[in-house]
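Source file final-v6.csv; content: CSV, C-alpha atoms.
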chain,number,residue,atom,x,y,z
A,1,MET,CA,16.0,-39.5,97.1
A,2,ASP,CA,19.3,-40.8,95.8
A,3,LEU,CA,18.6,-43.7,93.4
A,4,THR,CA,22.2,-44.6,92.5
A,5,ASN,CA,22.5,-47.4,95.1
A,6,LEU,CA,19.1,-49.0,94.3
A,7,SER,CA,19.1,-52.3,92.5
A,8,ARG,CA,17.5,-52.7,89.1
A,9,ALA,CA,14.6,-54.6,90.7
A,10,ASP,CA,14.1,-51.8,93.2
A,11,LEU,CA,13.9,-49.3,90.4
A,12,HIS,CA,11.3,-51.4,88.5
A,13,LYS,CA,9.3,-51.7,91.7
A,14,MET,CA,9.4,-47.9,92.3
A,15,ARG,CA,8.4,-47.3,88.7
A,16,ARG,CA,5.3,-49.6,89.0
A,17,HIS,CA,4.3,-47.8,92.2
A,18,ALA,CA,4.6,-44.3,90.6
A,19,ASP,CA,2.7,-45.5,87.5
A,20,GLU,CA,-0.1,-46.8,89.8
A,21,MET,CA,-0.2,-43.5,91.7
A,22,MET,CA,-0.6,-41.4,88.5
A,23,LYS,CA,-3.4,-43.6,87.3
A,24,LYS,CA,-5.3,-43.7,90.6
A,25,GLN,CA,-5.0,-40.0,91.5
A,26,PRO,CA,-4.4,-38.0,88.3
A,27,GLY,CA,-3.7,-34.3,88.9
A,28,SER,CA,-3.1,-34.8,92.6
A,29,SER,CA,0.0,-33.7,94.5
A,30,ASP,CA,0.9,-37.3,94.9
A,31,ALA,CA,0.6,-37.9,91.2
A,32,LEU,CA,2.9,-34.9,90.5
A,33,ARG,CA,5.4,-36.3,92.9
A,34,ALA,CA,5.1,-39.6,91.2
A,35,GLU,CA,5.7,-37.9,87.8
A,36,GLN,CA,8.9,-36.3,89.2
A,37,ARG,CA,10.0,-39.7,90.5
A,38,LEU,CA,9.5,-41.3,87.1
A,39,ALA,CA,11.7,-38.6,85.6
A,40,GLU,CA,14.4,-39.4,88.2
A,41,ILE,CA,14.1,-43.1,87.5
A,42,ASP,CA,14.4,-42.5,83.8
A,43,GLU,CA,17.6,-40.4,84.4
A,44,GLU,CA,19.1,-43.2,86.6
A,45,GLN,CA,18.3,-45.9,84.1
A,46,ALA,CA,19.8,-43.8,81.3
A,47,ARG,CA,22.9,-43.5,83.5
A,48,ARG,CA,23.1,-47.2,83.8
A,49,SER,CA,22.4,-47.9,80.1
A,50,MET,CA,25.1,-48.8,77.5
A,51,PRO,CA,25.4,-45.2,76.3
A,52,GLY,CA,25.4,-44.0,79.9
A,53,ASN,CA,28.2,-46.4,80.7
A,54,ILE,CA,30.2,-45.3,77.7
A,55,ASP,CA,29.8,-41.7,78.9
A,56,SER,CA,30.8,-42.5,82.5
A,57,PHE,CA,33.8,-44.6,81.3
A,58,LEU,CA,35.2,-41.5,79.5
A,59,VAL,CA,34.5,-39.3,82.6
A,60,LYS,CA,36.6,-41.7,84.6
A,61,PHE,CA,39.2,-42.3,81.9
A,62,PRO,CA,39.2,-39.2,79.6
A,63,LEU,CA,41.8,-40.9,77.3
A,64,GLY,CA,39.7,-44.1,77.1
A,65,PHE,CA,41.7,-47.3,76.7
A,66,GLU,CA,44.9,-45.4,76.4
A,67,ASP,CA,44.4,-43.4,79.6
A,68,PRO,CA,47.4,-44.0,82.0
A,69,ALA,CA,45.0,-44.4,84.9
A,70,TYR,CA,43.1,-47.0,83.0
A,71,ILE,CA,46.2,-48.9,81.9
A,72,LYS,CA,47.5,-49.0,85.5
A,73,ALA,CA,44.2,-50.0,87.0
A,74,GLU,CA,42.7,-52.3,84.4
A,75,ARG,CA,45.0,-53.4,81.6
A,76,LYS,CA,48.6,-53.9,82.9
A,77,ASP,CA,48.1,-56.7,85.4
A,78,LYS,CA,46.0,-58.7,82.9
A,79,ALA,CA,48.4,-58.1,80.0
A,80,ASP,CA,51.3,-59.1,82.2
A,81,ALA,CA,49.5,-62.3,83.3
A,82,SER,CA,48.6,-63.0,79.7
A,83,ASP,CA,52.3,-62.7,78.7
A,84,ALA,CA,53.3,-65.0,81.6
A,85,CYS,CA,50.6,-67.5,80.7
A,86,LEU,CA,51.8,-67.7,77.0
A,87,GLU,CA,55.4,-68.0,78.0
A,88,GLU,CA,55.3,-70.2,81.0
A,89,LEU,CA,52.3,-72.4,80.2
A,90,SER,CA,53.4,-73.2,76.7
A,91,PRO,CA,53.1,-76.7,75.2
A,92,GLU,CA,56.8,-77.2,75.9
A,93,ALA,CA,56.3,-76.3,79.6
A,94,PHE,CA,53.6,-79.0,79.9
A,95,LEU,CA,55.8,-81.6,78.1
A,96,ALA,CA,58.8,-80.8,80.4
A,97,ALA,CA,56.6,-81.2,83.5
A,98,LYS,CA,55.5,-84.6,82.2
A,99,GLU,CA,59.0,-85.7,81.3
A,100,SER,CA,60.3,-84.7,84.7
A,101,GLY,CA,57.6,-86.6,86.6
A,102,ASP,CA,57.3,-83.7,89.0
A,103,PRO,CA,54.2,-81.5,88.5
A,104,ALA,CA,54.9,-79.3,91.5
A,105,PRO,CA,57.0,-76.6,89.7
A,106,LEU,CA,54.4,-76.1,87.0
A,107,ILE,CA,51.7,-76.1,89.7
A,108,ASP,CA,53.6,-73.2,91.3
A,109,VAL,CA,53.6,-71.4,88.0
A,110,VAL,CA,49.8,-71.8,87.7
A,111,LYS,CA,49.3,-70.4,91.2
A,112,ARG,CA,51.5,-67.4,90.5
A,113,ILE,CA,49.7,-66.6,87.3
A,114,VAL,CA,46.3,-66.9,89.0
A,115,SER,CA,47.6,-64.5,91.7
A,116,MET,CA,48.8,-61.9,89.2
A,117,THR,CA,45.3,-60.5,88.8
A,118,ASN,CA,42.2,-60.1,91.0
A,119,LEU,CA,39.9,-61.7,88.4
A,120,ILE,CA,39.5,-64.9,90.4
A,121,GLN,CA,38.1,-64.0,93.8
A,122,GLY,CA,40.8,-64.0,96.4
A,123,SER,CA,39.2,-65.0,99.7
A,124,PHE,CA,37.4,-68.1,98.4
A,125,GLU,CA,38.0,-69.1,94.8
A,126,LYS,CA,41.8,-68.9,94.8
A,127,PRO,CA,42.2,-70.9,98.0
A,128,LYS,CA,39.8,-73.6,96.9
A,129,LEU,CA,41.7,-74.0,93.6
A,130,PHE,CA,45.1,-73.9,95.2
A,131,ASP,CA,44.2,-76.5,97.8
A,132,ALA,CA,42.9,-78.8,95.2
A,133,ILE,CA,45.8,-78.6,92.8
A,134,ARG,CA,48.5,-78.8,95.5
A,135,ASP,CA,47.0,-82.3,96.4
A,136,GLU,CA,49.5,-84.8,94.9
A,137,ARG,CA,46.5,-86.9,93.7
A,138,ASN,CA,45.3,-84.0,91.6
A,139,SER,CA,48.4,-82.2,90.4
A,140,ALA,CA,49.2,-84.2,87.3
A,141,PRO,CA,45.6,-84.8,86.2
A,142,PHE,CA,44.9,-81.1,86.7
A,143,LEU,CA,47.9,-80.1,84.5
A,144,ALA,CA,46.7,-82.6,81.8
A,145,ALA,CA,43.3,-81.0,81.9
A,146,LEU,CA,44.8,-77.5,81.8
A,147,GLU,CA,47.0,-78.4,78.9
A,148,ASP,CA,44.0,-79.7,77.0
A,149,LEU,CA,42.1,-76.5,77.8
A,150,MET,CA,44.9,-74.3,76.5
A,151,HIS,CA,46.4,-76.4,73.7
A,152,GLY,CA,44.1,-79.3,73.0
A,153,PRO,CA,42.0,-80.1,69.9
A,154,GLY,CA,38.8,-78.3,69.1
A,155,ASP,CA,37.7,-74.7,69.6
A,156,ALA,CA,37.9,-72.8,72.9
A,157,PRO,CA,34.2,-73.5,73.9
A,158,ASP,CA,34.6,-77.2,73.4
A,159,ARG,CA,37.9,-77.2,75.4
A,160,LEU,CA,36.2,-75.2,78.1
A,161,GLU,CA,33.4,-77.8,78.5
A,162,ARG,CA,36.0,-80.6,78.7
A,163,PHE,CA,38.0,-78.8,81.3
A,164,SER,CA,34.9,-77.9,83.4
A,165,SER,CA,33.8,-81.5,83.3
A,166,TYR,CA,37.2,-82.5,84.8
A,167,MET,CA,36.9,-79.7,87.4
A,168,HIS,CA,33.5,-81.0,88.4
A,169,ALA,CA,35.3,-84.0,89.9
A,170,LEU,CA,37.2,-81.6,92.1
A,171,GLY,CA,34.0,-79.8,93.1
A,172,LEU,CA,35.3,-76.8,91.2
A,173,ARG,CA,33.1,-76.6,88.1
A,174,LYS,CA,32.9,-72.8,87.8
A,175,TRP,CA,33.1,-70.4,84.9
A,176,THR,CA,35.9,-68.4,86.4
A,177,TYR,CA,38.6,-71.1,86.5
A,178,GLY,CA,38.5,-72.3,82.9
A,179,THR,CA,37.7,-68.9,81.3
A,180,TYR,CA,40.6,-67.3,83.2
A,181,PHE,CA,43.2,-69.4,81.3
A,182,LEU,CA,41.4,-69.1,78.0
A,183,PHE,CA,41.2,-65.3,78.4
A,184,LEU,CA,44.9,-65.0,79.2
A,185,SER,CA,46.1,-67.5,76.6
A,186,ASP,CA,44.0,-66.0,73.8
A,187,ARG,CA,43.2,-62.4,74.7
A,188,LYS,CA,42.2,-61.5,71.2
A,189,ASN,CA,39.3,-64.0,71.1
A,190,CYS,CA,38.4,-65.3,74.5
A,191,MET,CA,36.5,-63.7,77.4
A,192,PHE,CA,36.8,-64.1,81.1
A,193,VAL,CA,33.4,-64.9,82.7
A,194,LYS,CA,32.5,-63.4,86.1
A,195,PRO,CA,29.0,-64.8,86.6
A,196,GLU,CA,27.4,-62.0,88.7
A,197,GLY,CA,29.0,-59.3,86.6
A,198,LEU,CA,28.0,-61.0,83.3
A,199,LYS,CA,24.3,-61.3,84.4
A,200,GLU,CA,24.2,-57.6,85.4
A,201,ALA,CA,25.9,-56.5,82.1
A,202,LEU,CA,23.4,-58.6,80.1
A,203,GLU,CA,20.5,-56.9,81.8
A,204,ILE,CA,22.0,-53.4,81.4
A,205,ALA,CA,22.6,-54.0,77.7
A,206,ALA,CA,19.2,-55.7,77.2
A,207,TYR,CA,21.1,-58.5,75.4
A,208,PRO,CA,19.0,-61.7,74.9
A,209,LEU,CA,21.1,-64.3,76.6
A,210,GLU,CA,20.0,-66.6,79.5
A,211,TYR,CA,22.9,-67.4,81.8
A,212,HIS,CA,23.2,-70.7,83.7
A,213,SER,CA,25.8,-71.8,86.1
A,214,THR,CA,27.2,-74.9,84.4
A,215,PRO,CA,29.9,-74.0,81.8
A,216,THR,CA,29.0,-75.4,78.4
A,217,ALA,CA,30.4,-74.9,75.0
A,218,ALA,CA,27.1,-73.7,73.6
A,219,LEU,CA,26.7,-71.0,76.3
A,220,TYR,CA,30.3,-69.9,76.1
A,221,ARG,CA,29.9,-69.3,72.3
A,222,ARG,CA,26.9,-67.1,73.2
A,223,ILE,CA,28.9,-65.2,75.8
A,224,MET,CA,31.6,-64.6,73.2
A,225,GLU,CA,29.0,-63.3,70.9
A,226,PHE,CA,27.9,-60.8,73.6
A,227,ALA,CA,31.6,-59.7,74.1
A,228,ILE,CA,31.9,-59.1,70.4
A,229,TRP,CA,28.6,-57.2,70.4
A,230,VAL,CA,30.0,-54.9,73.2
A,231,GLU,CA,33.2,-54.4,71.2
A,232,ALA,CA,31.1,-53.4,68.2
A,233,LYS,CA,29.1,-50.9,70.3
A,234,LEU,CA,32.4,-49.3,71.4
A,235,LEU,CA,33.7,-49.2,67.8
A,236,ASP,CA,30.3,-47.8,66.6
A,237,THR,CA,31.0,-44.6,68.6
A,238,LYS,CA,33.8,-43.8,66.1
A,239,ASP,CA,35.8,-42.5,69.0
A,240,GLU,CA,39.4,-43.6,68.8
A,241,ARG,CA,39.6,-43.6,72.6
A,242,LEU,CA,37.2,-46.5,72.7
A,243,ASP,CA,39.0,-48.8,70.3
A,244,PRO,CA,39.6,-52.0,72.3
A,245,LYS,CA,43.1,-53.5,71.7
A,246,SER,CA,41.9,-56.9,72.8
A,247,MET,CA,39.3,-58.7,74.9
A,248,ILE,CA,41.2,-57.3,77.9
A,249,ASP,CA,39.7,-53.9,77.1
A,250,VAL,CA,36.3,-55.4,76.4
A,251,GLN,CA,36.3,-57.3,79.7
A,252,SER,CA,37.4,-54.1,81.6
A,253,PHE,CA,34.6,-52.1,80.0
A,254,ILE,CA,32.0,-54.8,81.0
A,255,TRP,CA,33.5,-54.6,84.5
A,256,HIS,CA,32.9,-50.9,84.4
A,257,MET,CA,29.3,-51.6,83.5
A,258,ALA,CA,28.7,-54.2,86.1
A,259,PRO,CA,31.3,-54.4,88.9
A,260,THR,CA,30.7,-56.9,91.6
A,261,GLY,CA,31.4,-57.3,95.3
A,262,LYS,CA,32.7,-54.2,97.1
A,263,TRP,CA,33.0,-52.4,93.8
A,264,ALA,CA,29.4,-52.8,92.9
A,265,LYS,CA,27.5,-49.6,92.1
Same coordinates, now as structure tokens:
Amino acid sequence: MDLTNLSRADLHKMRRHADEMMKKQPGSSDALRAEQRLAEIDEEQARRSMPGNIDSFLVKFPLGFEDPAYIKAERKDKADASDACLEELSPEAFLAAKESGDPAPLIDVVKRIVSMTNLIQGSFEKPKLFDAIRDERNSAPFLAALEDLMHGPGDAPDRLERFSSYMHALGLRKWTYGTYFLFLSDRKNCMFVKPEGLKEALEIAAYPLEYHSTPTAALYRRIMEFAIWVEAKLLDTKDERLDPKSMIDVQSFIWHMAPTGKWAK
């Protein structure tokens, strides 16, 4: 039986069933089959573990983070979006928008930078955001909140919580929106949060962090600690191919561990 497409919960359930069979009918043919199934489950769980994911990452990208296929598939669009974010959503750009009294051109910049990657889900999350910020009632307040997120006082987690509180008024208080701009504007220190992928990665890594859907400063600090922990695990291999250049590489490795949607394992 192919176990690769089974969920983690399914594997746990299968393990319990095999354990019960071995206890109830020791030495029987069913128990022997259960023992073999346990070995298969162990192999599949090892494949999905942190070391297993490091191995499979290097199988997919033999040169690691400098593999041309990796750079094309995972790093380039994010790095390009980060460069655009730093250049075109600078403090000076926000000031010019306010002085002009016309937020529309900078809103167009925001939309273009969001569209440069597939990090924010395209069929639902992007349209919801674009519809909200195109509304003339929301454009200027959104830019003020985004400016505060990117350039305001306090550390990134505190700014994220303030931004998410504003987005709540638009019905858009989600991890993806705020962390996208933090990630692009400070790729050395900030992490993009894709909730489903994060939860799966935490489980794979057996990392003690309880996710919840409301973005808060306290939880973002813990998520950043997890990202730094993943980075440390990669560096602990002493393999130069696994030396992350920024959080873009860490995020891409976490995505390799726990892809979502049509890319899910």
Quick one, how far is atom CA of Met257 of chain A from atom CA of Arg75 of chain A?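 We find that atom CA of Met257 of chain A and atom CA of Arg75 of chain A lie 15.9 Å from each other.
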List the neighbours of segment 110-123 of chain A out to 8 Å using only C-alpha atoms; skip same-chain residues closer than 6 positions along the sequence, and give me the result as a PyMOL selection string. chain A and resi 77-78+80-81+84-85+89+130+176-177+180+194
Within 10 Å of Lys174 of chain A, counting only C-alpha atoms, which residues qualify if same-chain residues fewer than 3 places away don't, as a list of chain:residue names?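 After dropping sequence-adjacent residues, the list is A:Glu125, A:Ser164, A:Ser165, A:Met167, A:His168, A:Gly171, A:Tyr177, A:Gly178, A:Thr179, A:Val193, A:Lys194, A:Pro195, A:Ser213, A:Thr214, A:Pro215.
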Go through segment 114-193 of chain A and flag each residue having an atom no more than 7 Å from segment 218-225 of chain A; for those, report the closest pair of atoms plus their distance in Å to one decimal, using all atoms listed in the file, ordered by chain and rising number, as a Markdown table.
| residue | atom | partner | partner_atom | distance |
| --- | --- | --- | --- | --- |
| A:Pro157 | CA | A:Tyr220 | CA | 5.7 |
| A:Cys190 | CA | A:Met224 | CA | 7.0 |
| A:Met191 | CA | A:Met224 | CA | 6.5 |
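The list of residues with at least one atom within 8 Å of Leu242 of chain A, based on all atoms listed in the file and without residues fewer than 6 positions apart in the same chain, reads A:Gly64, A:Phe65, A:Leu234, A:Leu235.
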Best match for closeness to Glu87 of chain A among A:Val109, A:Lys23, A:Glu210, A:Glu66, counting only C-alpha atoms: A:Val109
Return the single residue from A:Ser49, A:Ser56, A:Thr237, A:Ser90 that is closest to Ala205 of chain A, with distances computed using all atoms listed in the file. A:Ser49
Got a sec to check which residues sit within 12 Å of (38.8, -45.3, 69.7), counting only C-alpha atoms, and write them as a list of chain:residue names?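 Residues found, by chain and rising number: A:Ile54, A:Leu58, A:Pro62, A:Leu63, A:Gly64, A:Phe65, A:Glu66, A:Asp67, A:Glu231, A:Ala232, A:Lys233, A:Leu234, A:Leu235, A:Asp236, A:Thr237, A:Lys238, A:Asp239, A:Glu240, A:Arg241, A:Leu242, A:Asp243, A:Pro244, A:Lys245, A:Asp249.
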For atom CA of Glu136 of chain A and atom CA of Glu99 of chain A, the interatomic separation in Å (one decimal):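 Pair atom CA of Glu136 of chain A / atom CA of Glu99 of chain A returns 16.6 Å.
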Which polymer residues have any atom within 6 Å of an atom of segment 12-22 of chain A, counting only C-alpha atoms, with same-chain residues fewer than 3 positions away left out, as a compact mmCIF listing (two decimals) with C-alpha atoms, in the frame of the given file?
# COMPACT_ATOMS: atom_id res chain seq x y z
CA ALA A 9 14.60 -54.60 90.70
CA GLN A 25 -5.00 -40.00 91.50
CA PRO A 26 -4.40 -38.00 88.30
CA ALA A 31 0.60 -37.90 91.20
CA ALA A 34 5.10 -39.60 91.20
Using only C-alpha atoms, which residue out of A:Gly52, A:Asp83, A:Trp175, A:Asp2 lies closest to Arg37 of chain A? A:Asp2
Contact residues around Arg134 of chain A with all atoms listed in the file at 10 Å, ignoring same-chain residues under 2 positions, as a list in words: Pro103, Ala104, Ile107, Asp108, Lys111, Leu129, Phe130, Asp131, Ala132, Glu136, Arg137, Asn138, Ser139, Ala140 and Phe142 of chain A
Output for the residues just chosen: C-alpha atoms as a PDB file, in the frame of the given file:
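Ended up saving to result28.pdb:
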ATOM      1  CA  PRO A 103      54.200 -81.500  88.500  1.00  0.00           C
ATOM      2  CA  ALA A 104      54.900 -79.300  91.500  1.00  0.00           C
ATOM      3  CA  ILE A 107      51.700 -76.100  89.700  1.00  0.00           C
ATOM      4  CA  ASP A 108      53.600 -73.200  91.300  1.00  0.00           C
ATOM      5  CA  LYS A 111      49.300 -70.400  91.200  1.00  0.00           C
ATOM      6  CA  LEU A 129      41.700 -74.000  93.600  1.00  0.00           C
ATOM      7  CA  PHE A 130      45.100 -73.900  95.200  1.00  0.00           C
ATOM      8  CA  ASP A 131      44.200 -76.500  97.800  1.00  0.00           C
ATOM      9  CA  ALA A 132      42.900 -78.800  95.200  1.00  0.00           C
ATOM     10  CA  GLU A 136      49.500 -84.800  94.900  1.00  0.00           C
ATOM     11  CA  ARG A 137      46.500 -86.900  93.700  1.00  0.00           C
ATOM     12  CA  ASN A 138      45.300 -84.000  91.600  1.00  0.00           C
ATOM     13  CA  SER A 139      48.400 -82.200  90.400  1.00  0.00           C
ATOM     14  CA  ALA A 140      49.200 -84.200  87.300  1.00  0.00           C
ATOM     15  CA  PHE A 142      44.900 -81.100  86.700  1.00  0.00           C
TER      16      PHE A 142
END
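Considering all atoms listed in the file, the residue among A:Met50, A:Lys72, A:Ala39, A:Lys126 positioned nearest to Leu202 of chain A is A:Met50.
Shortest separation to Leu182 of chain A among A:Lys199, A:Lys24, A:Arg159, A:His212 occurs at residue A:Arg159, atoms counted being only C-alpha atoms.
We find atom CA of Glu40 of chain A and atom CA of Phe253 of chain A to be spaced 25.2 Å apart.
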